[in-house]
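Shown below: input.txt, with compact mmCIF, C-alpha atoms.
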# COMPACT_ATOMS: atom_id res chain seq x y z
CA MET A 1 26.21 -20.11 148.96
CA THR A 2 24.46 -18.49 146.02
CA ARG A 3 25.30 -19.22 142.40
CA LYS A 4 26.95 -15.82 142.14
CA GLU A 5 29.16 -16.50 145.17
CA THR A 6 30.03 -19.97 143.87
CA ALA A 7 31.03 -18.55 140.49
CA LEU A 8 33.08 -15.81 142.16
CA ASP A 9 34.80 -18.37 144.39
CA ALA A 10 35.66 -20.50 141.34
CA LEU A 11 37.11 -17.48 139.54
CA ASN A 12 39.17 -16.52 142.58
CA LYS A 13 40.64 -20.02 142.65
CA LYS A 14 41.66 -19.70 139.00
CA ILE A 15 43.50 -16.41 139.46
CA PRO A 16 46.69 -17.87 141.05
CA ARG A 17 46.93 -20.50 138.29
CA LEU A 18 46.47 -17.85 135.62
CA GLU A 19 49.09 -15.60 137.24
CA GLU A 20 51.52 -18.53 137.31
CA LYS A 21 50.78 -19.24 133.64
CA ILE A 22 51.50 -15.59 132.82
CA ARG A 23 54.85 -15.79 134.65
CA GLU A 24 55.74 -19.00 132.79
CA ASP A 25 54.76 -17.50 129.44
CA THR A 26 56.74 -14.33 130.16
CA LYS A 27 59.81 -16.39 131.04
CA LEU A 28 59.40 -18.45 127.86
CA LEU A 29 59.02 -15.28 125.78
CA ASP A 30 62.22 -13.84 127.29
CA GLU A 31 64.07 -17.09 126.53
CA LEU A 32 62.79 -17.06 122.95
CA LYS A 33 63.86 -13.43 122.49
CA ALA A 34 67.36 -14.29 123.76
CA LYS A 35 67.54 -17.30 121.44
CA LYS A 36 66.41 -15.13 118.50
CA GLU A 37 69.14 -12.60 119.23
CA THR A 38 71.73 -15.37 119.42
CA LEU A 39 70.57 -16.89 116.14
CA GLU A 40 70.57 -13.50 114.42
CA PHE A 41 74.09 -12.83 115.67
CA GLU A 42 75.30 -16.25 114.52
CA ALA A 43 73.67 -15.72 111.11
CA PHE A 44 75.37 -12.33 110.82
CA LYS A 45 78.75 -13.83 111.71
CA GLN A 46 78.22 -16.56 109.10
CA TYR A 47 77.24 -13.95 106.50
CA LEU A 48 80.44 -12.02 107.21
CA LYS A 49 82.50 -15.19 106.97
CA ASP A 50 80.81 -16.34 103.75
CA ASN A 51 81.41 -12.96 102.12
CA GLY A 52 84.94 -12.48 103.40
CA ILE A 53 84.07 -9.39 105.40
CA THR A 54 85.99 -8.66 108.58
CA THR A 55 84.25 -7.39 111.68
CA GLN A 56 86.04 -4.05 111.30
CA GLU A 57 84.81 -3.72 107.70
CA ALA A 58 81.24 -4.50 108.77
CA ILE A 59 81.41 -1.91 111.53
CA ALA A 60 82.81 0.65 109.11
CA LYS A 61 80.02 -0.02 106.59
CA LEU A 62 77.32 0.13 109.27
CA THR A 63 78.79 3.32 110.69
CA ALA A 64 79.01 4.90 107.24
CA SER A 65 75.36 4.13 106.57
CA CYS A 66 74.15 5.49 109.90
CA SER A 67 72.42 8.85 109.39
CA VAL A 68 73.45 10.15 112.82
CA ILE A 69 77.12 9.50 112.09
CA HIS A 70 76.70 11.05 108.65
CA GLU A 71 75.13 14.18 110.17
CA GLN A 72 77.96 14.38 112.72
CA LYS A 73 80.54 14.19 109.92
CA ILE A 74 78.79 17.01 108.04
CA PHE A 75 78.68 19.08 111.22
CA MET A 76 82.39 18.52 111.83
CA GLU A 77 83.22 19.40 108.22
CA ASP A 78 81.12 22.58 108.46
CA LYS A 79 82.86 23.43 111.72
CA LYS A 80 86.28 22.98 110.07
CA ASN A 81 85.23 25.17 107.13
CA VAL A 82 84.09 27.93 109.48
CA GLU A 83 87.38 27.84 111.42
CA CYS A 84 89.46 28.22 108.21

Using structure tokens, write down the structure that the file contains.
Amino acid sequence: MTRKETALDALNKKIPRLEEKIREDTKLLDELKAKKETLEFEAFKQYLKDNGITTQEAIAKLTASCSVIHEQKIFMEDKKNVEC
């Protein structure tokens, strides 16, 4: 076996281990993302509780600040004005 073939053989043997490492890292990344989302949600709930804001009030504030909702409200108001 030539040096080139030996090196190629060694690399080919590493590929399955590297693929397994990628799968493990991907799984860990997904777990970390899920944990981050959970922690963010818990922090948000605690913020609401600490500031005496109900879930409904938070939803209303978020909805009011959403540009898409705001544009829809303007559209509906314009539509009402046209119908009058």

_As an exercise, work out the distance from atom CA of Ala60 of chain A to atom CA of Leu48 of chain A in Å and give it to one decimal place._
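Calculated distance between atom CA of Ala60 of chain A and atom CA of Leu48 of chain A is 13.0 Å.
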
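Between atom CA of Leu18 of chain A and atom CA of Lys36 of chain A lies a distance of 26.4 Å.
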
*asked:* Quick check, in Å to one decimal: how far apart do atom CA of Arg3 of chain A and atom CA of Glu19 of chain A lie?
replied: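 Spanning atom CA of Arg3 of chain A to atom CA of Glu19 of chain A is a straight-line distance of 24.6 Å.
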